[in-house]
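Pasting final12.txt here (compact mmCIF, C-alpha atoms and all ligand atoms):
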```
# COMPACT_ATOMS: atom_id res chain seq x y z
CA MET A 1 161.79 83.09 139.37
CA ALA A 2 160.94 79.71 140.87
CA LYS A 3 158.45 78.70 143.55
CA LYS A 4 159.62 75.95 145.90
CA HIS A 5 158.38 74.44 149.14
CA ILE A 6 161.09 73.45 151.62
CA LEU A 7 160.56 71.31 154.72
CA VAL A 8 162.86 72.19 157.61
CA VAL A 9 163.49 69.22 159.91
CA PRO A 10 165.98 70.32 162.58
CA GLY A 11 165.77 67.17 164.75
CA ASP A 12 167.83 67.10 167.94
CA GLY A 13 170.69 68.85 169.73
CA ILE A 14 172.73 71.22 167.57
CA GLY A 15 170.53 70.16 164.64
CA GLN A 16 168.15 72.88 165.87
CA GLU A 17 170.87 75.53 166.04
CA VAL A 18 172.61 74.89 162.72
CA THR A 19 169.46 74.28 160.65
CA ALA A 20 168.12 77.70 161.68
CA VAL A 21 171.20 79.19 160.00
CA GLY A 22 170.80 77.01 156.88
CA LYS A 23 167.21 78.23 156.53
CA LYS A 24 168.24 81.89 156.81
CA VAL A 25 170.71 81.34 153.98
CA LEU A 26 167.97 79.85 151.78
CA ASP A 27 165.80 82.88 152.60
CA LYS A 28 168.57 85.23 151.57
CA ILE A 29 169.06 83.38 148.29
CA ALA A 30 165.34 83.63 147.52
CA GLU A 31 165.47 87.37 148.13
CA LYS A 32 168.67 87.88 146.14
CA PHE A 33 167.64 85.81 143.10
CA GLY A 34 163.91 86.63 143.13
CA HIS A 35 162.63 83.13 144.03
CA GLU A 36 159.69 82.34 146.27
CA PHE A 37 160.56 79.73 148.91
CA THR A 38 157.85 78.66 151.36
CA TYR A 39 158.64 76.61 154.47
CA ASP A 40 157.12 74.19 156.89
CA GLU A 41 158.67 72.34 159.86
CA ALA A 42 158.42 68.70 160.96
CA LEU A 43 159.59 66.58 163.88
CA ILE A 44 162.08 63.70 163.81
CA GLY A 45 164.27 61.94 166.38
CA HIS A 46 164.19 62.47 170.12
CA VAL A 47 161.98 65.58 169.88
CA ALA A 48 159.46 63.55 167.86
CA ILE A 49 159.54 60.68 170.36
CA GLU A 50 158.90 63.10 173.22
CA ALA A 51 155.97 64.71 171.39
CA THR A 52 154.35 61.69 169.71
CA GLY A 53 156.03 58.46 170.88
CA GLU A 54 157.41 57.85 167.37
CA ALA A 55 160.82 58.70 165.89
CA LEU A 56 159.24 59.68 162.56
CA PRO A 57 155.51 60.38 162.86
CA GLU A 58 153.33 59.84 159.77
CA GLU A 59 152.59 63.57 159.71
CA SER A 60 156.31 64.35 159.26
CA LEU A 61 156.62 61.76 156.51
CA ASN A 62 153.61 63.17 154.66
CA LYS A 63 155.06 66.66 154.87
CA MET A 64 158.37 65.33 153.49
CA ARG A 65 156.65 63.68 150.55
CA ALA A 66 154.74 66.88 149.80
CA SER A 67 157.81 69.15 149.80
CA ASP A 68 160.34 69.92 147.05
CA ALA A 69 163.30 69.30 149.38
CA VAL A 70 164.09 68.62 153.04
CA LEU A 71 166.70 70.57 155.02
CA PHE A 72 167.56 68.19 157.85
CA GLY A 73 169.68 68.68 161.01
CA ALA A 74 170.60 65.62 163.08
CA VAL A 75 169.03 63.08 165.42
CA GLY A 76 170.32 61.65 168.67
CA HIS A 77 170.20 62.04 172.43
CA PRO A 78 172.56 60.79 175.15
CA LYS A 79 169.62 59.07 176.82
CA TYR A 80 169.53 56.44 174.05
CA ASP A 81 173.30 56.22 173.53
CA ASN A 82 173.56 54.85 177.08
CA ASP A 83 170.54 52.56 176.74
CA PRO A 84 171.02 50.17 173.81
CA SER A 85 167.83 48.32 174.76
CA ALA A 86 165.47 51.31 174.19
CA LYS A 87 162.79 50.14 171.74
CA VAL A 88 162.01 53.49 170.13
CA ARG A 89 165.21 55.32 169.16
CA PRO A 90 165.95 58.59 167.36
CA GLU A 91 168.00 56.96 164.57
CA GLN A 92 164.99 54.83 163.62
CA GLY A 93 163.52 58.10 162.34
CA LEU A 94 166.51 58.57 160.07
CA LEU A 95 166.40 55.03 158.67
CA LYS A 96 162.64 55.20 158.15
CA MET A 97 162.97 58.54 156.35
CA ARG A 98 165.58 57.09 153.98
CA LYS A 99 163.52 53.97 153.33
CA GLU A 100 160.13 55.65 152.91
CA LEU A 101 161.48 58.38 150.61
CA GLY A 102 163.41 55.79 148.56
CA LEU A 103 166.72 57.62 149.06
CA TYR A 104 169.07 55.28 147.24
CA ALA A 105 172.03 57.59 146.66
CA ASN A 106 174.08 59.36 149.29
CA LEU A 107 176.10 62.26 147.92
CA ARG A 108 178.99 63.68 149.83
CA PRO A 109 180.98 66.54 148.37
CA ILE A 110 184.50 66.78 149.74
CA LYS A 111 185.68 70.27 149.06
CA LEU A 112 188.55 71.78 150.89
CA PHE A 113 188.47 75.51 151.42
CA ASP A 114 191.99 76.89 150.94
CA GLU A 115 191.84 78.70 154.27
CA LEU A 116 191.41 75.39 156.10
CA LEU A 117 194.29 73.55 154.42
CA GLY A 118 196.11 73.44 157.76
CA ALA A 119 193.20 71.68 159.50
CA SER A 120 193.75 68.45 157.58
CA SER A 121 196.38 65.90 158.51
CA ILE A 122 197.33 65.58 154.83
CA LYS A 123 200.07 67.83 153.38
CA PRO A 124 198.65 71.11 152.02
CA GLU A 125 200.49 70.77 148.68
CA VAL A 126 198.82 67.40 148.09
CA LEU A 127 195.38 68.67 149.08
CA LYS A 128 195.12 72.13 147.58
CA GLY A 129 192.31 72.21 145.04
CA ALA A 130 190.83 68.79 145.96
CA ASP A 131 187.13 68.71 145.05
CA ILE A 132 185.43 65.30 145.01
CA LEU A 133 181.78 64.33 144.84
CA PHE A 134 181.00 60.85 146.21
CA PHE A 135 177.93 58.85 145.22
CA ARG A 136 177.45 56.01 147.70
CA GLU A 137 174.68 53.49 147.02
CA LEU A 138 172.45 53.41 150.07
CA THR A 139 169.86 50.66 149.87
CA GLY A 140 171.63 47.46 148.75
CA ASP A 141 174.81 45.45 149.35
CA ILE A 142 175.93 43.41 152.35
CA TYR A 143 173.95 45.62 154.79
CA PHE A 144 170.58 44.50 153.53
CA GLY A 145 171.14 40.93 152.33
CA GLU A 146 170.42 37.76 154.25
CA LYS A 147 172.58 37.37 157.34
CA GLY A 148 172.87 34.76 160.02
CA ARG A 149 174.82 32.21 162.02
CA GLU A 150 175.58 28.54 161.45
CA ASN A 151 177.59 25.88 163.18
CA ASN A 152 176.25 26.65 166.66
CA GLY A 153 176.95 30.34 166.16
CA ASP A 154 180.61 29.82 165.34
CA THR A 155 180.15 30.71 161.66
CA ALA A 156 178.51 33.93 160.48
CA PHE A 157 177.51 35.16 157.02
CA ASP A 158 176.20 38.29 155.30
CA ILE A 159 174.99 38.08 151.73
CA ALA A 160 175.86 40.97 149.39
CA ARG A 161 173.26 41.41 146.67
CA TYR A 162 172.85 43.94 143.87
CA SER A 163 170.43 44.04 140.97
CA ARG A 164 171.15 45.68 137.63
CA PHE A 165 168.51 48.40 138.14
CA GLU A 166 170.01 49.41 141.49
CA VAL A 167 173.43 49.97 139.95
CA GLU A 168 172.01 51.66 136.88
CA ARG A 169 169.92 54.26 138.72
CA ILE A 170 172.79 55.51 140.89
CA ALA A 171 175.24 55.33 137.98
CA ARG A 172 172.99 57.61 135.93
CA LYS A 173 172.84 60.15 138.77
CA ALA A 174 176.64 60.06 138.99
CA PHE A 175 177.14 60.42 135.22
CA GLU A 176 174.73 63.36 135.16
CA ALA A 177 176.56 65.04 138.04
CA ALA A 178 179.92 64.50 136.32
CA ARG A 179 178.55 66.32 133.27
CA THR A 180 178.03 69.45 135.34
CA ARG A 181 181.54 69.25 136.86
CA ARG A 182 184.94 68.24 135.43
CA LYS A 183 183.39 65.38 133.42
CA LYS A 184 185.33 62.58 135.10
CA LEU A 185 183.73 59.56 136.72
CA CYS A 186 185.59 56.99 138.77
CA SER A 187 183.62 53.80 139.49
CA VAL A 188 185.00 51.91 142.46
CA ASP A 189 184.58 48.15 142.87
CA LYS A 190 186.45 44.93 143.58
CA ALA A 191 185.61 43.24 140.30
CA ASN A 192 188.71 41.03 140.45
CA VAL A 193 187.15 38.96 143.26
CA ILE A 194 183.53 39.96 144.05
CA GLU A 195 180.60 38.97 141.85
CA THR A 196 178.38 41.96 142.75
CA SER A 197 181.35 44.13 141.75
CA ARG A 198 181.52 42.37 138.38
CA LEU A 199 177.86 43.21 137.80
CA TRP A 200 178.55 46.77 138.98
CA ARG A 201 181.36 47.21 136.43
CA GLU A 202 179.34 45.59 133.65
CA VAL A 203 176.46 48.04 134.20
CA ILE A 204 178.75 51.09 134.27
CA GLN A 205 180.46 49.93 131.07
CA LYS A 206 177.12 49.34 129.38
CA ILE A 207 175.70 52.80 130.04
CA ALA A 208 178.96 54.78 129.66
CA PRO A 209 178.50 55.21 125.85
CA GLU A 210 175.32 57.20 126.60
CA TYR A 211 177.54 59.82 128.26
CA PRO A 212 180.36 60.21 125.69
CA ASP A 213 181.41 63.54 127.21
CA VAL A 214 182.26 61.87 130.54
CA GLU A 215 185.63 60.15 130.93
CA VAL A 216 185.16 56.92 132.92
CA GLU A 217 187.73 54.98 134.89
CA HIS A 218 187.36 51.86 137.03
CA GLN A 219 189.39 51.50 140.21
CA PHE A 220 189.57 48.75 142.77
CA VAL A 221 188.52 49.84 146.23
CA ASP A 222 191.90 49.08 147.81
CA ALA A 223 193.72 51.21 145.23
CA THR A 224 191.14 53.99 145.71
CA ALA A 225 191.74 54.05 149.46
CA MET A 226 195.41 54.63 148.73
CA LEU A 227 194.90 57.18 145.93
CA LEU A 228 192.53 59.33 148.02
CA ILE A 229 195.37 60.14 150.37
CA LYS A 230 198.17 60.09 147.79
CA ASP A 231 196.55 62.26 145.15
CA PRO A 232 193.00 63.41 146.03
CA ARG A 233 192.96 65.93 143.18
CA ARG A 234 192.82 63.17 140.57
CA PHE A 235 189.17 62.49 141.52
CA ASP A 236 186.07 64.35 140.34
CA VAL A 237 182.92 62.21 140.76
CA VAL A 238 183.26 58.80 142.46
CA VAL A 239 180.47 56.22 142.42
CA THR A 240 180.52 53.10 144.54
CA ALA A 241 178.51 50.47 146.42
CA ASN A 242 177.16 50.82 149.96
CA LEU A 243 179.97 49.15 151.95
CA PHE A 244 182.88 50.61 149.98
CA GLY A 245 181.19 54.02 150.05
CA ASP A 246 180.69 53.88 153.80
CA ILE A 247 184.40 53.42 154.36
CA LEU A 248 185.75 55.67 151.60
CA THR A 249 183.53 58.65 152.49
CA ASP A 250 184.72 58.60 156.10
CA GLU A 251 188.29 58.41 154.90
CA ALA A 252 187.67 61.29 152.51
CA SER A 253 185.99 63.41 155.21
CA GLN A 254 189.44 63.79 156.73
CA ILE A 255 190.58 65.53 153.58
CA ALA A 256 188.30 68.41 154.54
CA GLY A 257 189.58 68.49 158.10
CA SER A 258 186.47 69.22 160.15
CA MET A 259 183.09 67.54 160.61
CA GLY A 260 181.45 70.93 161.05
CA MET A 261 182.17 71.73 157.40
CA LEU A 262 180.77 68.71 155.57
CA ALA A 263 177.36 68.48 153.96
CA SER A 264 175.60 65.53 152.39
CA ALA A 265 172.55 64.78 150.29
CA SER A 266 170.42 61.68 150.11
CA ILE A 267 168.45 61.43 146.93
CA GLY A 268 166.10 59.07 145.14
CA ASP A 269 163.39 59.69 142.58
CA GLY A 270 161.31 61.90 144.91
CA THR A 271 162.12 64.44 147.62
CA GLY A 272 165.84 64.83 148.44
CA VAL A 273 167.18 65.26 151.98
CA TYR A 274 170.12 67.58 152.73
CA GLU A 275 172.03 67.40 155.99
CA PRO A 276 175.36 67.96 157.73
CA ILE A 277 177.37 64.76 158.21
CA HIS A 278 177.79 65.48 161.92
CA GLY A 279 175.39 64.34 164.66
CA SER A 280 173.45 66.12 167.37
CA ALA A 281 176.63 66.88 169.42
CA HIS A 282 175.10 67.09 172.87
CA ASP A 283 178.43 68.09 174.37
CA ILE A 284 178.00 71.54 172.80
CA THR A 285 174.21 71.80 172.48
CA GLY A 286 172.74 75.06 173.78
CA LYS A 287 176.13 76.73 174.01
CA GLY A 288 175.75 78.59 170.74
CA VAL A 289 179.16 77.44 169.49
CA ALA A 290 178.25 74.81 166.87
CA ASN A 291 179.69 75.40 163.43
CA PRO A 292 176.69 76.08 161.15
CA LEU A 293 178.67 75.88 157.89
CA ALA A 294 177.83 72.22 157.21
CA SER A 295 174.16 73.17 157.29
CA VAL A 296 174.84 76.21 155.11
CA LEU A 297 176.67 73.97 152.62
CA SER A 298 173.79 71.49 152.82
CA ALA A 299 171.53 74.34 151.73
CA ALA A 300 173.92 74.98 148.82
CA LEU A 301 173.67 71.31 147.83
CA LEU A 302 169.88 71.46 148.05
CA LEU A 303 169.78 74.44 145.69
CA ASP A 304 172.06 72.70 143.19
CA ILE A 305 170.69 69.18 143.21
CA SER A 306 166.98 69.44 144.00
CA PHE A 307 166.32 72.83 142.39
CA GLY A 308 168.97 72.90 139.63
CA MET A 309 170.06 76.35 140.86
CA LYS A 310 173.79 76.16 140.16
CA GLU A 311 174.46 79.89 140.34
CA GLU A 312 172.58 80.25 143.63
CA SER A 313 174.44 77.27 145.06
CA GLU A 314 177.79 78.72 144.04
CA ALA A 315 176.86 82.05 145.62
CA VAL A 316 176.45 80.26 148.96
CA ILE A 317 179.74 78.39 148.63
CA ASN A 318 181.51 81.63 147.66
CA ALA A 319 180.07 83.41 150.68
CA VAL A 320 181.46 80.67 152.96
CA ASP A 321 184.80 80.97 151.18
CA GLN A 322 184.82 84.77 151.70
CA VAL A 323 183.99 84.45 155.39
CA LEU A 324 186.89 82.03 155.86
CA LYS A 325 189.23 84.22 153.79
CA ALA A 326 188.35 87.17 156.03
CA GLY A 327 189.64 85.05 158.92
CA PHE A 328 186.38 84.24 160.73
CA ARG A 329 186.14 80.82 162.37
CA THR A 330 183.95 78.87 164.74
CA GLY A 331 185.75 77.21 167.65
CA ASP A 332 186.11 73.80 165.95
CA ILE A 333 188.06 75.24 162.98
CA ALA A 334 189.95 77.99 164.82
CA ASP A 335 193.62 77.46 165.63
CA ALA A 336 196.14 79.01 167.96
CA GLY A 337 196.70 81.84 165.50
CA THR A 338 193.04 82.90 165.23
CA PRO A 339 192.47 86.25 167.01
CA LYS A 340 189.82 85.95 169.75
CA ASP A 341 187.47 88.46 168.12
CA GLN A 342 187.45 86.38 164.91
CA VAL A 343 186.15 83.27 166.71
CA LEU A 344 182.38 83.38 166.25
CA GLY A 345 179.38 81.54 167.68
CA THR A 346 176.73 79.82 165.58
CA GLU A 347 174.50 82.84 165.01
CA ALA A 348 177.31 85.32 164.42
CA MET A 349 178.88 82.96 161.85
CA GLY A 350 175.47 82.75 160.15
CA GLU A 351 175.22 86.54 160.07
CA LYS A 352 178.68 86.75 158.49
CA VAL A 353 177.66 84.36 155.71
CA LEU A 354 174.49 86.41 155.12
CA SER A 355 176.47 89.63 154.96
CA TYR A 356 178.79 88.19 152.28
CA LEU A 357 175.79 86.91 150.34
P1 LIG A 401 178.71 64.18 166.61
O1 LIG A 401 178.93 64.39 165.15
O2 LIG A 401 177.43 64.67 167.14
O3 LIG A 401 179.90 64.87 167.41
C1 LIG A 401 181.27 64.43 167.36
C2 LIG A 401 182.18 65.55 167.87
O4 LIG A 401 182.26 66.59 166.89
C3 LIG A 401 181.66 66.21 169.16
O5 LIG A 401 182.75 66.54 169.99
C4 LIG A 401 180.98 67.46 168.66
O6 LIG A 401 180.98 68.51 169.61
C5 LIG A 401 181.79 67.82 167.42
N1 LIG A 401 180.94 68.46 166.41
C6 LIG A 401 180.03 67.85 165.63
N2 LIG A 401 179.42 68.74 164.85
C7 LIG A 401 179.95 69.94 165.15
C8 LIG A 401 179.70 71.26 164.70
N3 LIG A 401 178.79 71.54 163.76
N4 LIG A 401 180.42 72.28 165.23
C9 LIG A 401 181.36 72.03 166.18
N5 LIG A 401 181.64 70.81 166.64
C10 LIG A 401 180.93 69.76 166.14
O7 LIG A 401 178.88 62.62 166.84
P2 LIG A 401 178.69 61.78 168.23
O8 LIG A 401 179.13 62.62 169.37
O9 LIG A 401 179.31 60.49 167.94
O10 LIG A 401 177.13 61.55 168.35
C11 LIG A 401 176.23 62.40 169.08
C12 LIG A 401 174.81 61.97 168.77
O11 LIG A 401 174.53 62.23 167.39
C13 LIG A 401 174.56 60.48 168.99
O12 LIG A 401 173.30 60.33 169.59
C14 LIG A 401 174.58 59.88 167.59
O13 LIG A 401 173.77 58.75 167.48
C15 LIG A 401 174.03 61.03 166.78
N6 LIG A 401 174.44 61.06 165.35
C16 LIG A 401 173.49 61.42 164.46
C17 LIG A 401 173.82 61.56 163.12
C18 LIG A 401 172.74 62.02 162.16
O14 LIG A 401 171.71 62.46 162.60
N7 LIG A 401 172.97 61.95 160.86
C19 LIG A 401 175.13 61.32 162.67
C20 LIG A 401 176.09 60.96 163.63
C21 LIG A 401 175.73 60.83 164.98
```
Take the structure in the file and write it out as structure tokens.
Amino acid sequence: MAKKHILVVPGDGIGQEVTAVGKKVLDKIAEKFGHEFTYDEALIGHVAIEATGEALPEESLNKMRASDAVLFGAVGHPKYDNDPSAKVRPEQGLLKMRKELGLYANLRPIKLFDELLGASSIKPEVLKGADILFFRELTGDIYFGEKGRENNGDTAFDIARYSRFEVERIARKAFEAARTRRKKLCSVDKANVIETSRLWREVIQKIAPEYPDVEVEHQFVDATAMLLIKDPRRFDVVVTANLFGDILTDEASQIAGSMGMLASASIGDGTGVYEPIHGSAHDITGKGVANPLASVLSAALLLDISFGMKEESEAVINAVDQVLKAGFRTGDIADAGTPKDQVLGTEAMGEKVLSYL
């Protein structure tokens, strides 16, 4: 029996609808496994701006710091998408949250449920059984280094910078995760030409002997981009720098077929944040049709990573698998062959997952 305090931060648009389902799943797990989960809510994004004038009010941040994990939805509102000059913007809340909580590793599991094999544009026989966990470094690299213009604006530069400790801390998280999975770690870099990549590889090689049970390989990023499509099953845990990770995780998201199915975690040394990879989807907000499974799978990730509850996490993933096997779909993952009465709305899909749990 464990006692945990979870902060629910639904944010904007369908974030509200899908996070409500994710929370119900956590509740069910607590009941089923005899844990005591307490909850609080906090504002972020457009809803926070409307209420307080800030995208991430100090009160929300304090609640995040004081909780054991954050279940997050999404931020965004069409109002800002069409007004690039708006000074206070929903996504500032997201960036501030990541910075203030020191979330240096972004984890994205790419797991394809057998029932959705047809939803991907990659051949089913190549995909079947693919199960990859990405660790993308989130606070360094070319995004955060010095940038500017020279030569009357005709020349531009961005400096990529990594320090040993930044590589080491994410590498350790990735090695530890590999230990709990198939014990394979692929470190992705471009060490044949880029100096930060040479440091990256040096650090991985130096700490690898501390994890003798994990098999390590080094791949260049260009080869990895090719191998992800050619043979996704060869990967278990992948660790890489910010820029390479940004690109490779979007590529890999297509392995799983639908945005409504993919969860992610951002972790550091304090509170971890768990969220769907999709945004606030205002085109479907309020219609009750959003796929809540990415939030449900975010809850599964939260249980595994922040609480070390592997069995509980697997129970959630199995329930999702069972629901899909039974033929139930939300609109985004339904196809021409799905009977009408098996196409469910957000709440009904949530209820199905709960019933299988
Ligand atoms: P989006 O992910 O919100 O939506 C893209 C498309 O996928 C839409 O057609 C949407 O209806 C569909 N979709 C997304 N999630 C779905 C779900 N769970 N079920 C069914 N269909 C789903 O991306 P966008 O339209 O580019 O952006 C909308 C807003 O979200 C913008 O304001 C953007 O800034 C914001 N955004 C936020 C995050 C975040 O909070 N992490 C991420 C991406 C975009």
Please measure the separation of atom CA of Asp27 of chain A and atom CA of Val320 of chain A, giving the value in Å to one decimal. 15.8 Å
Neighbouring residues of Arg182 of chain A were defined as those with any atom within 10 Å, considering all atoms listed in the file; residues of the same chain fewer than 5 positions away were excluded. Please report them as a PyMOL selection string. chain A and resi 131+177+214-215+235-237
Under the rule of at most 10 Å, produce a per-residue listing of chain A near ligand LIG 401 (chain A): chain, number, name, the closest pair of atoms, and the distance in Å, as a Markdown table, using only C-alpha atoms and all ligand atoms.
```
| residue | atom | partner | partner_atom | distance |
| --- | --- | --- | --- | --- |
| A:Pro10 | CA | A:LIG401 | O14 | 9.7 |
| A:Gly11 | CA | A:LIG401 | O14 | 7.9 |
| A:Asp12 | CA | A:LIG401 | O14 | 8.1 |
| A:Gly13 | CA | A:LIG401 | O11 | 8.0 |
| A:Ile14 | CA | A:LIG401 | N3 | 7.2 |
| A:Gly15 | CA | A:LIG401 | O14 | 8.1 |
| A:Glu17 | CA | A:LIG401 | N3 | 9.2 |
| A:Val18 | CA | A:LIG401 | N3 | 7.1 |
| A:Ile44 | CA | A:LIG401 | O14 | 9.8 |
| A:Gly45 | CA | A:LIG401 | O14 | 8.4 |
| A:His46 | CA | A:LIG401 | O12 | 9.4 |
| A:Phe72 | CA | A:LIG401 | O14 | 8.5 |
| A:Gly73 | CA | A:LIG401 | O14 | 6.7 |
| A:Ala74 | CA | A:LIG401 | O14 | 3.4 |
| A:Val75 | CA | A:LIG401 | O14 | 3.9 |
| A:Gly76 | CA | A:LIG401 | O12 | 3.4 |
| A:His77 | CA | A:LIG401 | O12 | 4.5 |
| A:Pro78 | CA | A:LIG401 | O12 | 5.6 |
| A:Lys79 | CA | A:LIG401 | O12 | 8.2 |
| A:Tyr80 | CA | A:LIG401 | O12 | 7.0 |
| A:Asp81 | CA | A:LIG401 | O12 | 5.7 |
| A:Asn82 | CA | A:LIG401 | O12 | 9.3 |
| A:Arg89 | CA | A:LIG401 | O13 | 9.4 |
| A:Pro90 | CA | A:LIG401 | O13 | 7.8 |
| A:Glu91 | CA | A:LIG401 | O13 | 6.7 |
| A:Gly93 | CA | A:LIG401 | O14 | 9.3 |
| A:Leu94 | CA | A:LIG401 | O14 | 7.0 |
| A:Leu95 | CA | A:LIG401 | N7 | 9.8 |
| A:Ser258 | CA | A:LIG401 | C10 | 8.2 |
| A:Met259 | CA | A:LIG401 | N2 | 5.7 |
| A:Gly260 | CA | A:LIG401 | N3 | 3.8 |
| A:Met261 | CA | A:LIG401 | N3 | 7.2 |
| A:Leu262 | CA | A:LIG401 | N3 | 8.9 |
| A:Ser264 | CA | A:LIG401 | N7 | 9.6 |
| A:Glu275 | CA | A:LIG401 | N7 | 7.4 |
| A:Pro276 | CA | A:LIG401 | N7 | 7.2 |
| A:Ile277 | CA | A:LIG401 | N7 | 5.9 |
| A:His278 | CA | A:LIG401 | O1 | 3.6 |
| A:Gly279 | CA | A:LIG401 | O2 | 3.2 |
| A:Ser280 | CA | A:LIG401 | O11 | 4.0 |
| A:Ala281 | CA | A:LIG401 | O2 | 3.3 |
| A:His282 | CA | A:LIG401 | C11 | 6.1 |
| A:Asp283 | CA | A:LIG401 | O6 | 5.4 |
| A:Ile284 | CA | A:LIG401 | O6 | 5.3 |
| A:Thr285 | CA | A:LIG401 | O6 | 8.1 |
| A:Gly288 | CA | A:LIG401 | N4 | 9.6 |
| A:Val289 | CA | A:LIG401 | C9 | 6.7 |
| A:Ala290 | CA | A:LIG401 | N4 | 3.7 |
| A:Asn291 | CA | A:LIG401 | N4 | 3.7 |
| A:Pro292 | CA | A:LIG401 | N3 | 5.6 |
| A:Leu293 | CA | A:LIG401 | N3 | 7.3 |
| A:Ala294 | CA | A:LIG401 | N3 | 6.7 |
| A:Ser295 | CA | A:LIG401 | N3 | 8.1 |
| A:Thr330 | CA | A:LIG401 | C9 | 7.5 |
| A:Gly331 | CA | A:LIG401 | C9 | 6.9 |
| A:Asp332 | CA | A:LIG401 | C9 | 5.1 |
| A:Ile333 | CA | A:LIG401 | C9 | 8.1 |
| A:Gly345 | CA | A:LIG401 | N4 | 9.6 |
| A:Thr346 | CA | A:LIG401 | N4 | 8.4 |
```
When distances are computed from only C-alpha atoms, which of A:Ile194, A:Val203, A:Leu61, A:Ala241 shows the smallest separation from Thr139 of chain A? A:Ala241
Could you check which of A:Phe135, A:Tyr104, A:Tyr211, A:Tyr143 is closest to Glu166 of chain A, using all atoms listed in the file? A:Tyr104
